[in-house]
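Structure data (CSV, C-alpha atoms and all ligand atoms) from my_file-v9.csv:
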chain,number,residue,atom,x,y,z
A,1139,MET,CA,13.7,-9.3,15.6
A,1140,GLU,CA,11.3,-11.7,14.1
A,1141,ARG,CA,8.7,-12.9,16.5
A,1142,GLU,CA,7.4,-16.4,16.0
A,1143,THR,CA,3.6,-16.0,16.1
A,1144,HIS,CA,0.8,-18.0,14.6
A,1145,ASN,CA,0.3,-15.4,11.9
A,1146,PHE,CA,4.0,-15.5,11.1
A,1147,SER,CA,4.0,-19.2,10.6
A,1148,ILE,CA,1.0,-18.9,8.2
A,1149,LEU,CA,2.8,-16.1,6.3
A,1150,LYS,CA,6.0,-18.1,6.1
A,1151,THR,CA,4.2,-21.2,4.7
A,1152,ARG,CA,2.4,-19.2,2.1
A,1153,ILE,CA,5.4,-17.2,1.1
A,1154,LEU,CA,7.4,-20.4,0.8
A,1155,GLU,CA,4.7,-22.0,-1.4
A,1156,ARG,CA,5.1,-19.0,-3.8
A,1157,SER,CA,8.9,-18.9,-3.8
A,1158,VAL,CA,11.6,-20.8,-5.7
A,1159,SER,CA,13.7,-21.4,-2.6
A,1160,LYS,CA,12.3,-23.7,0.1
A,1161,VAL,CA,14.4,-22.0,2.8
A,1162,TRP,CA,12.8,-19.0,4.4
A,1163,GLU,CA,16.0,-16.9,4.7
A,1164,SER,CA,16.6,-17.0,1.0
A,1165,ALA,CA,12.9,-17.2,-0.1
A,1166,LYS,CA,12.2,-13.9,1.5
A,1167,THR,CA,14.9,-12.2,-0.5
A,1168,GLU,CA,13.1,-13.2,-3.7
A,1169,TRP,CA,10.4,-10.6,-3.0
A,1170,ASP,CA,10.2,-6.9,-3.9
A,1171,CYS,CA,7.4,-4.5,-3.0
A,1172,ILE,CA,6.3,-3.1,-6.4
A,1173,ASP,CA,3.1,-1.3,-5.5
A,1174,VAL,CA,1.2,-0.1,-2.5
A,1175,PHE,CA,-2.3,1.0,-1.7
A,1176,ILE,CA,-4.4,2.1,1.2
A,1177,ILE,CA,-8.1,1.3,1.7
A,1178,ARG,CA,-10.1,4.5,1.7
A,1179,ARG,CA,-12.0,5.2,4.8
A,1180,GLY,CA,-15.1,7.0,5.8
A,1181,GLY,CA,-17.9,8.8,4.0
A,1182,ASP,CA,-19.7,8.1,0.7
A,1183,GLY,CA,-17.9,6.3,-2.0
A,1184,TYR,CA,-15.3,4.9,0.4
A,1185,ASP,CA,-14.7,1.4,1.1
A,1186,GLY,CA,-14.1,0.8,4.7
A,1187,VAL,CA,-14.1,2.3,8.1
A,1188,VAL,CA,-12.0,1.0,11.1
A,1189,ARG,CA,-13.8,0.8,14.4
A,1190,SER,CA,-13.1,-0.7,17.8
A,1191,ASP,CA,-15.1,-3.8,18.5
A,1192,GLU,CA,-17.4,-4.1,21.5
A,1193,SER,CA,-14.6,-4.9,23.9
A,1194,GLY,CA,-12.6,-2.0,22.6
A,1195,GLU,CA,-9.5,-4.2,22.4
A,1196,ARG,CA,-9.3,-4.8,18.7
A,1197,SER,CA,-10.3,-2.9,15.7
A,1198,VAL,CA,-12.5,-4.2,13.0
A,1199,MET,CA,-12.8,-3.1,9.5
A,1200,LEU,CA,-16.3,-2.5,8.3
A,1201,PHE,CA,-16.7,-2.5,4.6
A,1202,ASN,CA,-19.6,-0.5,3.0
A,1203,ASP,CA,-20.0,-3.0,0.3
A,1204,GLY,CA,-19.3,-6.1,2.3
A,1205,HIS,CA,-16.1,-6.8,0.4
A,1206,ARG,CA,-13.3,-8.1,2.5
A,1207,CYS,CA,-11.1,-10.8,1.0
A,1208,GLU,CA,-7.6,-12.0,1.3
A,1209,GLY,CA,-5.5,-9.4,-0.6
A,1210,TYR,CA,-8.0,-6.6,0.2
A,1211,GLY,CA,-8.5,-5.9,3.9
A,1212,ILE,CA,-6.9,-9.2,4.8
A,1213,CYS,CA,-3.2,-10.0,4.9
A,1214,LEU,CA,-1.7,-13.1,3.5
A,1215,CYS,CA,-1.0,-14.1,7.1
A,1216,THR,CA,-4.8,-14.0,7.7
A,1217,HIS,CA,-4.6,-10.9,9.9
A,1218,GLU,CA,-7.4,-8.4,9.5
A,1219,PRO,CA,-8.2,-5.7,9.1
A,1220,ILE,CA,-5.3,-4.2,7.2
A,1221,VAL,CA,-5.4,-0.8,5.7
A,1222,GLU,CA,-1.9,-0.4,4.2
A,1223,HIS,CA,-1.2,-3.0,1.6
A,1224,CYS,CA,2.0,-4.0,-0.3
A,1225,VAL,CA,1.9,-5.7,-3.6
A,1226,LEU,CA,4.8,-8.1,-3.7
A,1227,LEU,CA,6.5,-9.5,-6.8
A,1228,ASN,CA,8.7,-12.6,-6.7
A,1229,LYS,CA,11.7,-11.6,-8.9
A,1230,LEU,CA,12.5,-15.3,-9.8
A,1231,ASN,CA,9.1,-16.8,-10.7
A,1232,GLY,CA,7.0,-13.7,-11.3
A,1233,SER,CA,4.3,-14.6,-8.8
A,1234,ARG,CA,2.5,-11.8,-6.9
A,1235,THR,CA,0.8,-11.6,-3.6
A,1236,ILE,CA,-0.5,-8.9,-1.2
A,1237,VAL,CA,0.8,-8.5,2.4
A,1238,GLY,CA,0.0,-5.9,5.0
A,1239,ASN,CA,2.6,-3.2,5.6
A,1240,ILE,CA,3.4,-4.4,9.1
A,1241,CYS,CA,4.1,-8.0,8.0
A,1242,VAL,CA,6.2,-6.7,5.1
A,1243,LYS,CA,8.3,-4.8,7.5
A,1244,ASN,CA,8.5,-7.3,10.4
A,1245,PHE,CA,9.0,-10.5,8.4
A,1246,LEU,CA,10.3,-9.6,5.0
A,1247,GLY,CA,12.4,-6.7,6.2
A,1248,ILE,CA,11.1,-4.2,3.6
A,1249,ASP,CA,10.1,-0.9,5.2
A,1250,MET,CA,7.5,1.0,3.1
A,1251,GLY,CA,6.6,3.3,6.1
A,1252,ARG,CA,7.8,6.5,4.6
A,1253,LEU,CA,6.0,5.9,1.3
A,1254,PHE,CA,2.7,5.3,3.2
A,1255,ASP,CA,3.3,8.4,5.2
A,1256,GLY,CA,3.8,10.4,2.0
A,1257,ILE,CA,0.6,9.0,0.5
A,1258,LYS,CA,-1.4,9.8,3.7
A,1259,ARG,CA,0.0,13.3,3.8
A,1260,ILE,CA,-1.1,14.3,0.3
A,1261,ARG,CA,-4.4,12.5,0.8
A,1262,ARG,CA,-5.1,14.6,3.8
A,1263,ASP,CA,-4.1,17.8,2.0
A,1264,LEU,CA,-3.5,18.0,-1.7
A,1265,CYS,CA,-1.4,21.1,-1.3
A,1266,LYS,CA,1.3,19.2,0.7
A,1267,SER,CA,4.6,18.3,-0.8
A,1268,PRO,CA,5.1,14.6,-1.6
A,1269,ASN,CA,8.1,13.3,0.4
A,1270,SER,CA,11.2,11.8,-1.3
A,1271,SER,CA,9.8,8.2,-1.0
A,1272,LEU,CA,6.7,9.2,-2.8
A,1273,ILE,CA,8.6,11.1,-5.5
A,1274,GLU,CA,10.8,8.1,-6.1
A,1275,TYR,CA,7.7,5.8,-6.3
A,1276,ALA,CA,5.9,8.2,-8.8
A,1277,ALA,CA,9.1,8.2,-10.9
A,1278,ARG,CA,9.5,4.4,-10.8
A,1279,GLN,CA,5.9,3.7,-11.7
A,1280,LYS,CA,5.9,6.5,-14.4
A,1281,ILE,CA,2.9,8.2,-12.8
A,1282,VAL,CA,4.6,11.5,-13.6
A,1283,ASN,CA,6.5,12.7,-16.7
A,1284,GLU,CA,10.1,14.0,-16.6
A,1285,TRP,CA,9.0,17.6,-16.3
A,1286,GLU,CA,6.6,16.9,-13.4
A,1287,LEU,CA,9.4,14.9,-11.7
A,1288,GLY,CA,11.7,17.9,-12.0
A,1289,PHE,CA,8.9,20.2,-10.6
A,1290,MET,CA,8.3,17.9,-7.7
A,1291,SER,CA,11.9,17.7,-6.8
A,1292,SER,CA,12.5,21.5,-7.1
A,1293,THR,CA,9.5,22.3,-4.9
A,1294,GLN,CA,9.9,19.4,-2.5
A,1295,GLY,CA,9.4,20.5,1.1
A,1296,LYS,CA,8.3,24.0,0.1
A,1297,ARG,CA,5.1,25.1,1.9
A,1298,ALA,CA,2.1,25.7,-0.3
A,1299,THR,CA,2.0,29.3,0.8
A,1300,SER,CA,5.5,29.9,-0.6
A,1301,LEU,CA,4.4,28.6,-4.1
A,1302,THR,CA,2.9,30.7,-6.8
A,1303,PHE,CA,-0.8,30.1,-7.6
A,1304,LYS,CA,0.3,28.2,-10.8
A,1305,GLN,CA,2.8,26.1,-8.9
A,1306,ARG,CA,0.2,25.3,-6.2
A,1307,THR,CA,-2.3,24.2,-8.9
A,1308,LYS,CA,0.4,22.1,-10.6
A,1309,ARG,CA,1.3,20.4,-7.3
A,1310,GLN,CA,-2.4,19.6,-6.6
A,1311,GLN,CA,-2.8,18.2,-10.1
A,1312,ILE,CA,0.2,15.9,-9.7
A,1313,ASN,CA,-0.9,14.8,-6.3
A,1314,GLU,CA,-4.3,13.9,-7.7
A,1315,GLN,CA,-2.6,11.9,-10.4
A,1316,ILE,CA,-0.6,10.0,-7.8
A,1317,LEU,CA,-3.7,9.3,-5.7
A,1318,ALA,CA,-5.7,8.2,-8.7
A,1319,TYR,CA,-2.9,5.7,-9.6
A,1320,ILE,CA,-2.8,4.3,-6.1
A,1321,ASP,CA,-6.6,4.0,-6.1
A,1322,SER,CA,-6.4,2.1,-9.4
A,1323,ILE,CA,-4.1,-0.4,-7.7
A,1324,ALA,CA,-6.6,-0.7,-4.9
A,1325,ASP,CA,-9.5,-1.2,-7.3
A,1326,ALA,CA,-7.5,-3.9,-9.2
A,1327,ALA,CA,-6.6,-5.7,-6.0
A,1328,LYS,CA,-10.2,-5.5,-4.8
A,1329,GLU,CA,-11.5,-7.0,-8.1
A,1330,LYS,CA,-8.9,-9.8,-8.0
A,1331,ALA,CA,-9.6,-10.6,-4.4
A,1332,ALA,CA,-13.3,-10.9,-5.1
A,1333,VAL,CA,-12.6,-13.2,-8.1
A,1334,ASP,CA,-10.3,-15.4,-6.0
A,1335,LYS,CA,-12.8,-15.6,-3.2
A,1336,ALA,CA,-15.5,-16.7,-5.6
A,1337,ALA,CA,-13.2,-19.3,-7.1
A,1338,ALA,CA,-12.2,-20.7,-3.7
B,1,ZN,ZN,0.2,-10.2,8.0
Starting from the file, give its structure as structure tokens.
Amino acid sequence: MERETHNFSILKTRILERSVSKVWESAKTEWDCIDVFIIRRGGDGYDGVVRSDESGERSVMLFNDGHRCEGYGICLCTHEPIVEHCVLLNKLNGSRTIVGNICVKNFLGIDMGRLFDGIKRIRRDLCKSPNSSLIEYAARQKIVNEWELGFMSSTQGKRATSLTFKQRTKRQQINEQILAYIDSIADAAKEKAAVDKAAA
């Protein structure tokens, strides 16, 4: 069920501004999630870390480089911090926008949860098998070639310990390729968000 909140009304207004239809129920069907990315957390060379604020009630995203803009760390609905981002494309007018995973699910009815789970799983451990959502995504975005796609499907769900050394190495290499692609989406979004912020 959709909950009418302040953030939702902002999101609704902004999505409608970017849609062909002026009616929410049909406007929201104009949008597809074409890409996703996750802000990297913790350690050197990473962008952000999520911490509780002083009251411990809400979490705040601290960015190493001070970058936090709409479309990178901030949802179209103004909610922040967001870590899991969805790049949305309007099928009718070609416009793009970035919305947090939660809003995409709650308000646009698109559930990318399994894809994010798959990404987080291989990011934690490169030897893990990508799940079916991640395999589909890698195929759609042509991150992997036909042979690699076949390899991923035939070894899906198999434990790293049951793979040969060669297979394990191949899986790691493919997983690195997928993560590099997703990081490139994050970098592009970060750059665009900074340009938009400067222009505002
Ligand atoms: Zn939002």
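Each of A:Cys1241, A:Leu1227, A:Ile1320, A:Ile1177 was checked against ligand ZN 1 (chain B) using all atoms listed in the file; the smallest atom-to-atom distance is that of A:Cys1241.
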### Task
Enumerate as a VMD selection string the residues within 9 Å of ligand ZN 1 (chain B), counting all atoms listed in the file.
chain A and resid 1145 to 1146 1148 to 1149 1212 to 1218 1220 1237 to 1242 1245
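Nearest residue to Leu1230 of chain A, choosing from A:Thr1293, A:Asn1269, A:Asn1283, A:Thr1167 and counting only C-alpha atoms: A:Thr1167.
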### Distance criterion (all atoms listed in the file): nearest to Ser1164 of chain A out of A:Leu1246, A:Leu1301, A:Cys1224, A:Ile1257
A:Leu1246
### Best match for closeness to Val1282 of chain A among A:Glu1155, A:Glu1314, A:Glu1163, A:Asp1321, counting only C-alpha atoms
A:Glu1314
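Interatomic distance, atom CA of Ala1318 of chain A to atom CA of Gly1247 of chain A: 27.8 Å.
One finds atom CA of Leu1226 of chain A at 21.2 Å from atom CA of His1144 of chain A.
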### Task
May I ask for the distance between atom CA of Lys1280 of chain A and atom CA of Gly1232 of chain A, given in Å to one decimal place?
20.5 Å
### Query
Pick from A:Val1225, A:Leu1287, A:Ile1323, A:Val1174: nearest to Arg1252 of chain A, with only C-alpha atoms counted?
A:Val1174
### Query
With all atoms listed in the file as the basis for distance, which of A:Val1333, A:Asn1313, A:Lys1308, A:Ala1165 is at the shortest distance from Asn1231 of chain A?
A:Ala1165
#### Entry: Near-Leu1317 of chain A list (12 Å; all atoms listed in the file; drop same-chain fewer than 4 positions) as a PyMOL selection string
chain A and resi 1174-1178+1254+1256-1264+1268+1272+1275-1276+1281-1282+1310-1313+1321-1324
With 5 Å added on each side, what axis-aligned box encloses every listed atom of segment 1227-1243 of chain A? Give the centre and edge lengths in Å to one decimal, as AutoDock Vina command-line options.
--center_x 6.0 --center_y -10.0 --center_z -1.1 --size_x 23.0 --size_y 23.6 --size_z 30.4
